Amino acid sequence: MPDTSAILPSGAGYGVGIGLFFSAFMICLTAIQARYTAFSPKNSEEFSSASRSVKPGLIASGIVSAWTWAATLLQSSAVAYRYGISGPWWYGGIICQADALTQLAAKLKLNAPYAHTWLEIVGVRWGRTAHLVFLFFGLATNIIVSSMLILGGSATVTDLTGMSTIAACFLIPLGVAIYVVVGGMRSTLLCDYTHTSVLLAIILVFVFTVYSTSDKIGSPTRMHQLLTAVSATTPVPGNAHGSYLTMRSRNGLVFGVINIIGNFATVFQDQAYWQRAIASQPATTVKAYLLGGLAWFAIPFTLATTLGLAAVALTGDPDMRALSPADVSAGLPAAAAATALLGKPGAIALLILLFLAVTSACSAELIAVSSILTYDVYKKYVNPQANEEQTLRMGHRMVAFYALCCAIAGLIFFYIGVSMGWLYTFMGVILGSGVVPIALCITWKKANKWGCIIGAIAGFGAGITAWLVTTSTLNDGVVNVIVSSVGDFEMLAGNLASIGVGGIIATVTSYIWPDDFDFHATRKINAPKPEAFSGHATRTDERKLDPEKEIAITAASSAHSSEDSSIGAELDPAALEKAYRFAAWSSISLFIIMILAIPLPLFFASTIYSEGGLTAWVIIGILWTFMSTFTVVLYPLWESRVALRQIAAGIVKDIFAISTGKYTSSSVA
């Protein structure tokens, strides 16, 4: 039954859930790309890795989009609602994971430049047992991330429109699967760019509404007054003086630790992030990841500082509905604040925002799992001799298959009572043990195979055990997801045990019994063969081809050869090693600044922000959002200006019948 209290009609939810208009738009973009550029999604390399030729601006946009889950928008606002200004900062603190992945991305280009997945490297280095163990961790990561997307998206769509939650769980991945099947990885990146552009625009609308034009708040000064009043009547447990305006938040700090550990697990083991390193140009991988990580921080920090704090400030307002603990765990403070501030337009804006975040991140998960199932299951264990056509067909099928899996997983978690917030803090408990072993596998020749395997398995068991024992101890012997969602210490214990035990065992055994692996073996994974596109094959078949097909094959051959030579020229070991060192120093520096130097002194000083302090805090968020917009919206347009001119020229030729606008190898000569 539709919820009659919902601010929008259920039809709006079904329209957003299906998203067929957007799917049609993305399919049109894919058709334009195939006609007017050298890249066609009918090639398996292009489908799964965008021919490894994507420029840094678009990769950065893709990283921002892939990491902007439903939880990024909803959970960040929920922790702001619970802990005050510390919540958005600690949520955004997981920027250090993206920066750490920058190091692994550099090592990937150095040690396995032609790999399709990170699991291929594990399989070649450590064999079948290790491959199967870490395949479990990889797929478990994708299932959990996808379930969070579906849970958060369906809960908010249902709250705003009254749409059936069951229908939302199935319809959200449906429209996404359509354009991913058609366009592959490059279509996903174009989708990422489109989504990120609109998402940042809507966030800025909310920011200027709350802090400039709203008659309910309208300025940082008024926000400060309202938060101070709420702190006096309902102080925050564990915060300095119970204030929402302090970084001295015990529970906020605990959440920060959980957040950092849990997201190390998802970032290091989620193929969606590796996919962007694989698709990027080798020379600019580090640049793309650093830009993407820095740009992403603005989204949870600014949005949560806006809507999360607004939900607190509007407590008692007649337009602001009361929120239960279950509502907060489901991530609904943002929706409630948007509706209270702007009414139906606010609900529509948040619905669009959520649609963009969920579908973009879902598209990244679909193409990621499709790659794993195609290359690490089908080609490795089912049909190792699969040809190009069979591989591409399997990639398409796996996209559709995993879309169905996403819906079913989200539905299962919904029916057993697991919320997005609970799942978000729990993911590190079961996934954290794989973080250090995977990092060592990619970067360190001395990593011990059995130490890393045992570490991952033992850490998994330790994390579950620590969570169960702590939950039982703190809740009078009761263990269930409802009880354990009340406090954060259960999750903290499980997260620390999982990543700690896994990391210690893997590292210690590698020092005691070091391997001496030669990464030359992984550099040969999928390395192109010189005889590809040989002249003999062309001469044998050319009499059978009509002129248009011959042109297409010639263009594909030329583009393929050009890409291989370009990529080969960029795989200079000295340059990639230098990029790795730069990534390492950048990651360490950002960790020190963002996690230690800024928040911890403010925590220990127990500072309560004045009106001027809150104003400065808000201005920093706004400026960071504008810089992010420049980085992931305007910069990709600039670096793709030549391709955009080429496409425009081809369209003009087709419209005015000057000549065929279809791409050929000579059209860019």
# chains A, B, ... in the order shown; residues from 1 in each chain; ligands from 1
>>> residues_around(residues="A:Phe604", least_positions_apart="3", cutoff="8 Å", atoms="only C-alpha atoms", output="list in words")
Arg248, Leu600 and Pro601 of chain A
>>> residues_around(residues="stretch 382-397 of chain A", least_positions_apart="2", cutoff="7 Å", atoms="only C-alpha atoms", output="MDAnalysis selection string")
chainID A and resid 44 181 370:371 374 377:380 399:401
>>> closest_residue(among="A:Ala272, A:Leu190, A:Ala240, A:Ile202", to="A:Phe603", atoms="only C-alpha atoms")
A:Ala240
>>> residues_around(residues="stretch 596-599 of chain A", least_positions_apart="3", cutoff="12 Å", atoms="only C-alpha atoms", output="PyMOL selection string")
chain A and resi 85-90+92-93+96+246-249+252-253+256-257+588-593+602-607
>>> write_last_selection(atoms="N, CA and C atoms", output="PDB file, in the first residue's frame")
ATOM      1  N   ILE A  85      28.980  18.534  14.221  1.00  0.00           N
ATOM      2  CA  ILE A  85      29.904  18.872  13.136  1.00  0.00           C
ATOM      3  C   ILE A  85      31.036  17.868  12.974  1.00  0.00           C
ATOM      4  N   SER A  86      31.305  17.061  13.993  1.00  0.00           N
ATOM      5  CA  SER A  86      32.382  16.074  13.858  1.00  0.00           C
ATOM      6  C   SER A  86      31.997  14.955  12.896  1.00  0.00           C
ATOM      7  N   GLY A  87      30.691  14.638  12.802  1.00  0.00           N
ATOM      8  CA  GLY A  87      30.245  13.539  11.953  1.00  0.00           C
ATOM      9  C   GLY A  87      30.642  13.687  10.495  1.00  0.00           C
ATOM     10  N   PRO A  88      30.334  14.845   9.857  1.00  0.00           N
ATOM     11  CA  PRO A  88      30.731  15.015   8.448  1.00  0.00           C
ATOM     12  C   PRO A  88      32.236  14.925   8.233  1.00  0.00           C
ATOM     13  N   TRP A  89      33.026  15.466   9.172  1.00  0.00           N
ATOM     14  CA  TRP A  89      34.480  15.400   9.000  1.00  0.00           C
ATOM     15  C   TRP A  89      34.969  13.962   9.054  1.00  0.00           C
ATOM     16  N   TRP A  90      34.494  13.201  10.053  1.00  0.00           N
ATOM     17  CA  TRP A  90      34.969  11.827  10.175  1.00  0.00           C
ATOM     18  C   TRP A  90      34.453  10.954   9.048  1.00  0.00           C
ATOM     19  N   GLY A  92      34.011  12.087   5.937  1.00  0.00           N
ATOM     20  CA  GLY A  92      34.892  12.456   4.831  1.00  0.00           C
ATOM     21  C   GLY A  92      36.320  12.004   5.030  1.00  0.00           C
ATOM     22  N   GLY A  93      36.668  11.605   6.275  1.00  0.00           N
ATOM     23  CA  GLY A  93      38.037  11.177   6.557  1.00  0.00           C
ATOM     24  C   GLY A  93      38.457   9.943   5.797  1.00  0.00           C
ATOM     25  N   CYS A  96      41.399   9.145   2.997  1.00  0.00           N
ATOM     26  CA  CYS A  96      42.732   8.531   3.076  1.00  0.00           C
ATOM     27  C   CYS A  96      42.754   7.159   2.412  1.00  0.00           C
ATOM     28  N   THR A 246      30.993  21.022  18.265  1.00  0.00           N
ATOM     29  CA  THR A 246      32.334  20.694  18.726  1.00  0.00           C
ATOM     30  C   THR A 246      32.860  19.445  18.027  1.00  0.00           C
ATOM     31  N   MET A 247      34.176  19.418  17.849  1.00  0.00           N
ATOM     32  CA  MET A 247      34.826  18.206  17.356  1.00  0.00           C
ATOM     33  C   MET A 247      35.105  17.230  18.492  1.00  0.00           C
ATOM     34  N   ARG A 248      34.898  17.682  19.735  1.00  0.00           N
ATOM     35  CA  ARG A 248      35.091  16.810  20.899  1.00  0.00           C
ATOM     36  C   ARG A 248      33.860  15.912  21.055  1.00  0.00           C
ATOM     37  N   SER A 249      33.814  14.871  20.258  1.00  0.00           N
ATOM     38  CA  SER A 249      32.703  13.928  20.282  1.00  0.00           C
ATOM     39  C   SER A 249      33.272  12.525  20.408  1.00  0.00           C
ATOM     40  N   GLY A 252      31.598  10.306  17.962  1.00  0.00           N
ATOM     41  CA  GLY A 252      32.021  10.708  16.630  1.00  0.00           C
ATOM     42  C   GLY A 252      33.398  10.154  16.297  1.00  0.00           C
ATOM     43  N   LEU A 253      34.316  10.184  17.281  1.00  0.00           N
ATOM     44  CA  LEU A 253      35.660   9.645  17.073  1.00  0.00           C
ATOM     45  C   LEU A 253      35.614   8.131  16.872  1.00  0.00           C
ATOM     46  N   GLY A 256      34.537   7.492  13.511  1.00  0.00           N
ATOM     47  CA  GLY A 256      35.622   7.776  12.575  1.00  0.00           C
ATOM     48  C   GLY A 256      36.555   6.591  12.405  1.00  0.00           C
ATOM     49  N   VAL A 257      36.911   5.940  13.529  1.00  0.00           N
ATOM     50  CA  VAL A 257      37.793   4.768  13.459  1.00  0.00           C
ATOM     51  C   VAL A 257      37.101   3.632  12.702  1.00  0.00           C
ATOM     52  N   ILE A 588      50.516   9.690   2.747  1.00  0.00           N
ATOM     53  CA  ILE A 588      50.942   9.894   4.134  1.00  0.00           C
ATOM     54  C   ILE A 588      50.670  11.333   4.570  1.00  0.00           C
ATOM     55  N   SER A 589      50.966  12.275   3.695  1.00  0.00           N
ATOM     56  CA  SER A 589      50.757  13.686   4.026  1.00  0.00           C
ATOM     57  C   SER A 589      49.281  13.993   4.262  1.00  0.00           C
ATOM     58  N   LEU A 590      48.429  13.479   3.378  1.00  0.00           N
ATOM     59  CA  LEU A 590      46.996  13.730   3.531  1.00  0.00           C
ATOM     60  C   LEU A 590      46.444  13.054   4.779  1.00  0.00           C
ATOM     61  N   PHE A 591      46.946  11.869   5.105  1.00  0.00           N
ATOM     62  CA  PHE A 591      46.505  11.196   6.326  1.00  0.00           C
ATOM     63  C   PHE A 591      46.876  12.022   7.553  1.00  0.00           C
ATOM     64  N   ILE A 592      48.095  12.521   7.572  1.00  0.00           N
ATOM     65  CA  ILE A 592      48.537  13.325   8.715  1.00  0.00           C
ATOM     66  C   ILE A 592      47.682  14.586   8.846  1.00  0.00           C
ATOM     67  N   ILE A 593      47.408  15.239   7.713  1.00  0.00           N
ATOM     68  CA  ILE A 593      46.648  16.497   7.752  1.00  0.00           C
ATOM     69  C   ILE A 593      45.181  16.258   8.093  1.00  0.00           C
ATOM     70  N   LEU A 602      41.596  19.709  17.711  1.00  0.00           N
ATOM     71  CA  LEU A 602      40.265  20.252  18.011  1.00  0.00           C
ATOM     72  C   LEU A 602      39.509  19.344  18.978  1.00  0.00           C
ATOM     73  N   PHE A 603      39.734  18.033  18.857  1.00  0.00           N
ATOM     74  CA  PHE A 603      39.090  17.084  19.772  1.00  0.00           C
ATOM     75  C   PHE A 603      39.609  17.280  21.196  1.00  0.00           C
ATOM     76  N   PHE A 604      40.928  17.301  21.343  1.00  0.00           N
ATOM     77  CA  PHE A 604      41.498  17.383  22.688  1.00  0.00           C
ATOM     78  C   PHE A 604      41.328  18.765  23.317  1.00  0.00           C
ATOM     79  N   ALA A 605      41.179  19.784  22.474  1.00  0.00           N
ATOM     80  CA  ALA A 605      40.963  21.133  23.009  1.00  0.00           C
ATOM     81  C   ALA A 605      39.524  21.342  23.476  1.00  0.00           C
ATOM     82  N   SER A 606      38.620  20.419  23.106  1.00  0.00           N
ATOM     83  CA  SER A 606      37.196  20.524  23.470  1.00  0.00           C
ATOM     84  C   SER A 606      36.594  21.859  23.035  1.00  0.00           C
ATOM     85  N   THR A 607      37.020  22.351  21.889  1.00  0.00           N
ATOM     86  CA  THR A 607      36.561  23.653  21.405  1.00  0.00           C
ATOM     87  C   THR A 607      35.088  23.602  21.012  1.00  0.00           C
TER      88      THR A 607
END
>>> residues_around(residues="A:Pro300", least_positions_apart="4", cutoff="9 Å", atoms="only C-alpha atoms", output="MDAnalysis selection string")
chainID A and resid 68 72:77 88:89 91:92 296 304:305
>>> write_last_selection(atoms="N, CA and C atoms", output="CSV table (one decimal), in the first residue's frame")
chain,number,residue,atom,x,y,z
A,68,THR,N,30.4,7.8,-4.3
A,68,THR,CA,29.2,8.5,-3.8
A,68,THR,C,28.1,7.5,-3.8
A,72,THR,N,26.9,7.7,1.3
A,72,THR,CA,27.6,9.0,1.3
A,72,THR,C,26.7,10.2,1.5
A,73,LEU,N,25.5,10.1,0.9
A,73,LEU,CA,24.6,11.2,1.1
A,73,LEU,C,23.7,11.0,2.3
A,74,LEU,N,23.3,9.8,2.6
A,74,LEU,CA,22.4,9.6,3.7
A,74,LEU,C,23.0,9.3,5.0
A,75,GLN,N,24.0,8.5,5.1
A,75,GLN,CA,24.7,8.1,6.3
A,75,GLN,C,25.5,9.3,6.8
A,76,SER,N,26.2,10.1,5.9
A,76,SER,CA,26.9,11.2,6.4
A,76,SER,C,26.0,12.2,7.1
A,77,SER,N,24.8,12.5,6.5
A,77,SER,CA,23.9,13.4,7.2
A,77,SER,C,23.4,12.8,8.5
A,88,PRO,N,30.3,14.8,9.9
A,88,PRO,CA,30.7,15.0,8.4
A,88,PRO,C,32.2,14.9,8.2
A,89,TRP,N,33.0,15.5,9.2
A,89,TRP,CA,34.5,15.4,9.0
A,89,TRP,C,35.0,14.0,9.1
A,91,TYR,N,33.3,11.3,8.5
A,91,TYR,CA,32.8,10.5,7.4
A,91,TYR,C,33.7,10.8,6.2
A,92,GLY,N,34.0,12.1,5.9
A,92,GLY,CA,34.9,12.5,4.8
A,92,GLY,C,36.3,12.0,5.0
A,296,TRP,N,36.1,14.2,-3.9
A,296,TRP,CA,35.0,13.5,-3.3
A,296,TRP,C,34.8,14.0,-1.9
A,304,ALA,N,26.5,17.0,4.4
A,304,ALA,CA,26.1,16.6,5.8
A,304,ALA,C,26.1,17.9,6.7
A,305,THR,N,27.1,18.8,6.5
A,305,THR,CA,27.2,20.0,7.3
A,305,THR,C,25.9,20.9,6.9
>>> residues_around(residues="stretch 110-124 of chain A", least_positions_apart="2", cutoff="6 Å", atoms="only C-alpha atoms", output="list in words")
Lys107, Leu108, Trp126, Gly127, Arg128, His131, Phe519, Thr522, Arg523, Ile525, Asn526, Ala527 and Leu576 of chain A
>>> select_by_dssp(residues="stretch 231-377 of chain A", states="helix (DSSP H, G or I)", output="number ranges by chain")
A: 231-233, 240-242, 250-269, 271-279, 282-313, 325-329, 333-342, 344-377
>>> closest_atom_pairs(of="stretch 386-425 of chain A", to="stretch 355-362 of chain A", cutoff="12 Å", atoms="only C-alpha atoms", output="tab-separated table")
residue	atom	partner	partner_atom	distance
A:Val399	CA	A:Cys362	CA	10.7
A:Tyr402	CA	A:Cys362	CA	10.3
A:Ala403	CA	A:Cys362	CA	8.6
A:Leu404	CA	A:Cys362	CA	11.9
A:Cys405	CA	A:Cys362	CA	11.9
A:Cys406	CA	A:Cys362	CA	8.8
A:Ala407	CA	A:Cys362	CA	10.9
>>> write_last_selection(atoms="N, CA and C atoms", output="PDB file, in the first residue's frame")
ATOM      1  N   VAL A 399      26.411  -8.840 -16.261  1.00  0.00           N
ATOM      2  CA  VAL A 399      25.820  -7.562 -15.836  1.00  0.00           C
ATOM      3  C   VAL A 399      24.365  -7.774 -15.455  1.00  0.00           C
ATOM      4  N   TYR A 402      24.066  -9.973 -12.251  1.00  0.00           N
ATOM      5  CA  TYR A 402      24.374  -9.306 -10.980  1.00  0.00           C
ATOM      6  C   TYR A 402      23.340  -8.235 -10.635  1.00  0.00           C
ATOM      7  N   ALA A 403      22.696  -7.641 -11.630  1.00  0.00           N
ATOM      8  CA  ALA A 403      21.604  -6.704 -11.340  1.00  0.00           C
ATOM      9  C   ALA A 403      20.509  -7.410 -10.549  1.00  0.00           C
ATOM     10  N   LEU A 404      20.200  -8.651 -10.938  1.00  0.00           N
ATOM     11  CA  LEU A 404      19.210  -9.442 -10.212  1.00  0.00           C
ATOM     12  C   LEU A 404      19.713  -9.786  -8.808  1.00  0.00           C
ATOM     13  N   CYS A 405      21.004 -10.106  -8.696  1.00  0.00           N
ATOM     14  CA  CYS A 405      21.587 -10.415  -7.388  1.00  0.00           C
ATOM     15  C   CYS A 405      21.507  -9.213  -6.449  1.00  0.00           C
ATOM     16  N   CYS A 406      21.778  -8.017  -6.968  1.00  0.00           N
ATOM     17  CA  CYS A 406      21.681  -6.788  -6.165  1.00  0.00           C
ATOM     18  C   CYS A 406      20.292  -6.655  -5.563  1.00  0.00           C
ATOM     19  N   ALA A 407      19.274  -6.829  -6.413  1.00  0.00           N
ATOM     20  CA  ALA A 407      17.895  -6.672  -5.961  1.00  0.00           C
ATOM     21  C   ALA A 407      17.549  -7.692  -4.885  1.00  0.00           C
TER      22      ALA A 407
END
>>> residues_around(residues="A:Leu341", least_positions_apart="2", cutoff="10 Å", atoms="only C-alpha atoms", output="number ranges by chain")
A: 206, 209-210, 214-217, 307, 310-311, 314, 319-320, 336-339, 343-347
>>> atom_distance(atom1="atom CA of A:Gly428", atom2="atom CA of A:Ser280")
27.9 Å
>>> atom_distance(atom1="atom CA of A:Val133", atom2="atom CA of A:Ala71")
27.5 Å
>>> residues_around(residues="A:Leu290", least_positions_apart="2", cutoff="9 Å", atoms="only C-alpha atoms", output="PyMOL selection string")
chain A and resi 60+98-99+102+285-288+292-295+583+586-587
>>> write_last_selection(atoms="all heavy atoms", output="compact mmCIF listing (two decimals), in the first residue's frame")
# COMPACT_ATOMS: atom_id res chain seq x y z
N ALA A 60 38.91 10.78 -12.50
CA ALA A 60 38.64 11.44 -11.22
C ALA A 60 37.14 11.57 -11.00
O ALA A 60 36.62 11.32 -9.91
CB ALA A 60 39.31 12.81 -11.17
N ALA A 98 41.12 6.39 -0.42
CA ALA A 98 41.30 6.65 -1.85
C ALA A 98 42.75 7.01 -2.14
O ALA A 98 43.31 6.61 -3.16
CB ALA A 98 40.38 7.78 -2.30
N ASP A 99 43.36 7.76 -1.22
CA ASP A 99 44.75 8.14 -1.42
C ASP A 99 45.68 6.93 -1.26
O ASP A 99 46.69 6.82 -1.95
CB ASP A 99 45.14 9.25 -0.43
CG ASP A 99 44.34 10.52 -0.67
OD1 ASP A 99 44.05 10.83 -1.84
OD2 ASP A 99 43.99 11.19 0.31
N THR A 102 45.70 4.98 -4.29
CA THR A 102 46.56 5.60 -5.31
C THR A 102 47.88 4.85 -5.41
O THR A 102 48.40 4.63 -6.52
CB THR A 102 46.81 7.07 -4.96
OG1 THR A 102 45.57 7.75 -4.85
CG2 THR A 102 47.66 7.75 -6.01
N THR A 285 47.55 7.81 -13.84
CA THR A 285 46.73 7.11 -12.85
C THR A 285 46.79 7.77 -11.48
O THR A 285 45.76 8.00 -10.84
CB THR A 285 47.19 5.64 -12.73
OG1 THR A 285 47.06 5.01 -14.01
CG2 THR A 285 46.36 4.90 -11.71
N VAL A 286 48.00 8.08 -11.02
CA VAL A 286 48.16 8.68 -9.69
C VAL A 286 47.48 10.04 -9.62
O VAL A 286 46.76 10.35 -8.67
CB VAL A 286 49.66 8.80 -9.34
CG1 VAL A 286 49.86 9.63 -8.07
CG2 VAL A 286 50.27 7.41 -9.16
N LYS A 287 47.66 10.84 -10.65
CA LYS A 287 47.02 12.15 -10.71
C LYS A 287 45.51 12.02 -10.62
O LYS A 287 44.85 12.75 -9.88
CB LYS A 287 47.42 12.85 -12.01
CG LYS A 287 46.74 14.19 -12.24
CD LYS A 287 47.15 14.77 -13.59
CE LYS A 287 46.43 16.08 -13.89
NZ LYS A 287 46.81 16.61 -15.22
N ALA A 288 44.95 11.07 -11.36
CA ALA A 288 43.50 10.89 -11.39
C ALA A 288 42.97 10.50 -10.01
O ALA A 288 41.95 11.03 -9.55
CB ALA A 288 43.13 9.83 -12.42
N GLY A 292 40.55 12.72 -7.69
CA GLY A 292 39.25 12.15 -7.36
C GLY A 292 39.00 12.09 -5.86
O GLY A 292 37.91 12.43 -5.38
N GLY A 293 40.01 11.66 -5.10
CA GLY A 293 39.86 11.58 -3.65
C GLY A 293 39.61 12.94 -3.02
O GLY A 293 38.73 13.10 -2.16
N LEU A 294 40.40 13.93 -3.42
CA LEU A 294 40.24 15.28 -2.87
C LEU A 294 38.88 15.88 -3.26
O LEU A 294 38.24 16.55 -2.45
CB LEU A 294 41.37 16.18 -3.36
CG LEU A 294 42.75 15.88 -2.75
CD1 LEU A 294 43.83 16.65 -3.49
CD2 LEU A 294 42.78 16.25 -1.26
N ALA A 295 38.46 15.64 -4.50
CA ALA A 295 37.18 16.19 -4.94
C ALA A 295 36.01 15.52 -4.21
O ALA A 295 35.02 16.19 -3.89
CB ALA A 295 37.03 16.01 -6.46
N ALA A 583 52.85 8.95 -4.88
CA ALA A 583 51.56 8.56 -4.31
C ALA A 583 51.70 8.23 -2.83
O ALA A 583 50.84 8.58 -2.02
CB ALA A 583 51.01 7.35 -5.07
N SER A 586 52.19 11.45 -0.86
CA SER A 586 50.94 12.21 -0.88
C SER A 586 49.93 11.60 0.09
O SER A 586 49.24 12.32 0.83
CB SER A 586 50.35 12.24 -2.29
OG SER A 586 51.23 12.87 -3.19
N SER A 587 49.84 10.28 0.08
CA SER A 587 48.88 9.60 0.96
C SER A 587 49.23 9.81 2.42
O SER A 587 48.34 10.09 3.25
CB SER A 587 48.87 8.10 0.64
OG SER A 587 48.50 7.87 -0.70
>>> closest_residue(among="A:Asn475, A:Gln275, A:Thr196, A:Asn239", to="A:Ile608", atoms="only C-alpha atoms")
A:Asn239
>>> closest_residue(among="A:Ser433, A:Thr615, A:Thr284, A:Thr465", to="A:Gly503", atoms="only C-alpha atoms")
A:Ser433
>>> atom_distance(atom1="atom CA of A:Leu366", atom2="atom CA of A:Ile453")
26.9 Å
>>> closest_residue(among="A:Pro235, A:Gly62, A:Gly421, A:Gly152", to="A:Asp488", atoms="only C-alpha atoms")
A:Gly421
